[in-house]
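Structure, as structure tokens:
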Amino acid sequence: RALFGRAGDAQGQAELFRGTVAAAHAKQGDVAKASAAMEAALEVYRVSADRDGEVQTSFMYARMHQESGYIEDAIEVAQDLAESCARLGRAASEAEARHLLAELHTSNTEHKRALAAADAALALLRKLGRRGEEARVLQTMMNSYIAQGDLARAEEKAAEVRESFAACGDH
């Protein structure tokens, strides 16, 4: 969809908010204004029942907070996203959101939460048969173990990462 070509309808307005306004404010370091634009986009998607737009925008919103150093806010958005995806039966998006949570908790030195989120993502990905994505979650787990100083478990995860990548053809 062309961003400005649809700016007169609800989804076009939401795309304008998230794609242009929020990005510009975030780039200038004004997270409050960027957040307001993201919230406006999310509201449009919710009202219009555009779940794809809502999920995509929520991922962008969480990443924006992460890149701006607002990890707690990113965790809150990602947690809401994971729960929403679970309610909607969107297992692949839920797995991605739970993996994002694992990354965020790892960067926030909340390793038990990181590993719990990663375990939940792995369970979903294994049901879906997504080995490549599974390997990336295992890498996040490995990084969490390294950050904790648990090198034995990190090595176990590294072996699982290699196996997972080999199983899907990535070496």
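Letters for chains follow the order of the structure tokens (A, B, ...), residue numbers begin at 1 for each chain, and ligand numbers begin at 1 in the order shown.
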
### Non-local contacts of A:Leu100 (9 Å; only C-alpha atoms; under 3 positions in same chain excluded) as a list of chain:residue names
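In the requested format, the answer is A:Phe59, A:Ala62, A:Arg63, A:Ile75, A:Ala78, A:Ala95, A:Glu96, A:Ala97, A:Glu103, A:Leu104, A:His105, A:Ala117, A:Ala118.
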
### Query
Looking at only C-alpha atoms, which of A:Met142, A:Leu101, A:Ala166, A:Ala147 is the one that sits closest to A:Glu72?
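Of all the options, A:Leu101 lies closest to A:Glu72.
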
### Query
Between A:Leu115, A:Ala135, A:Met64, A:Ala120, which is the closest to A:Glu83 once you count only C-alpha atoms?
A:Ala120

### Query
Residues at most 8 Å from A:Ala37, counting only C-alpha atoms, excluding those fewer than 3 positions away in the same chain, as a count of residues only?
8

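Among the candidates A:Arg46, A:Arg126, A:His99, A:His65, the residue lying nearest to A:Val31 is A:His65 (atoms considered: only C-alpha atoms).
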
Close residues, A:Ala92 itself excluded, 8 Å, only C-alpha atoms, min 4 positions apart in chain, as a PDB file with all heavy atoms, in the first residue's frame:
ATOM      1  N   GLU A  96       6.956 -14.682  17.973  1.00  0.00           N
ATOM      2  CA  GLU A  96       7.860 -13.557  17.708  1.00  0.00           C
ATOM      3  C   GLU A  96       7.824 -12.552  18.868  1.00  0.00           C
ATOM      4  O   GLU A  96       8.863 -12.029  19.287  1.00  0.00           O
ATOM      5  CB  GLU A  96       7.464 -12.882  16.396  1.00  0.00           C
ATOM      6  CG  GLU A  96       8.419 -11.804  15.957  1.00  0.00           C
ATOM      7  CD  GLU A  96       8.023 -11.160  14.636  1.00  0.00           C
ATOM      8  OE1 GLU A  96       7.095 -11.638  13.952  1.00  0.00           O
ATOM      9  OE2 GLU A  96       8.651 -10.139  14.289  1.00  0.00           O
ATOM     10  N   LEU A 124       5.964 -22.719  20.893  1.00  0.00           N
ATOM     11  CA  LEU A 124       5.119 -22.321  19.763  1.00  0.00           C
ATOM     12  C   LEU A 124       5.802 -22.613  18.426  1.00  0.00           C
ATOM     13  O   LEU A 124       5.182 -23.150  17.501  1.00  0.00           O
ATOM     14  CB  LEU A 124       4.773 -20.833  19.866  1.00  0.00           C
ATOM     15  CG  LEU A 124       3.817 -20.454  20.986  1.00  0.00           C
ATOM     16  CD1 LEU A 124       3.861 -18.946  21.237  1.00  0.00           C
ATOM     17  CD2 LEU A 124       2.401 -20.909  20.656  1.00  0.00           C
ATOM     18  N   LEU A 125       7.077 -22.253  18.329  1.00  0.00           N
ATOM     19  CA  LEU A 125       7.801 -22.450  17.071  1.00  0.00           C
ATOM     20  C   LEU A 125       7.959 -23.926  16.725  1.00  0.00           C
ATOM     21  O   LEU A 125       7.888 -24.304  15.555  1.00  0.00           O
ATOM     22  CB  LEU A 125       9.169 -21.764  17.133  1.00  0.00           C
ATOM     23  CG  LEU A 125       9.109 -20.237  17.177  1.00  0.00           C
ATOM     24  CD1 LEU A 125      10.475 -19.653  17.493  1.00  0.00           C
ATOM     25  CD2 LEU A 125       8.561 -19.678  15.872  1.00  0.00           C
ATOM     26  N   LEU A 128       4.867 -25.133  15.225  1.00  0.00           N
ATOM     27  CA  LEU A 128       4.730 -24.611  13.868  1.00  0.00           C
ATOM     28  C   LEU A 128       5.785 -25.164  12.904  1.00  0.00           C
ATOM     29  O   LEU A 128       5.690 -24.950  11.695  1.00  0.00           O
ATOM     30  CB  LEU A 128       4.825 -23.076  13.888  1.00  0.00           C
ATOM     31  CG  LEU A 128       3.712 -22.351  14.643  1.00  0.00           C
ATOM     32  CD1 LEU A 128       4.065 -20.880  14.827  1.00  0.00           C
ATOM     33  CD2 LEU A 128       2.381 -22.510  13.922  1.00  0.00           C
TER      34      LEU A 128
END

#### Entry: Residue with smallest distance to A:Ala91 - pool A:Ile71, A:Ala121, A:Ala159, A:Val77, counting only C-alpha atoms
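Comparing A:Ile71, A:Ala121, A:Ala159, A:Val77 against A:Ala91, the winner is A:Ala121.
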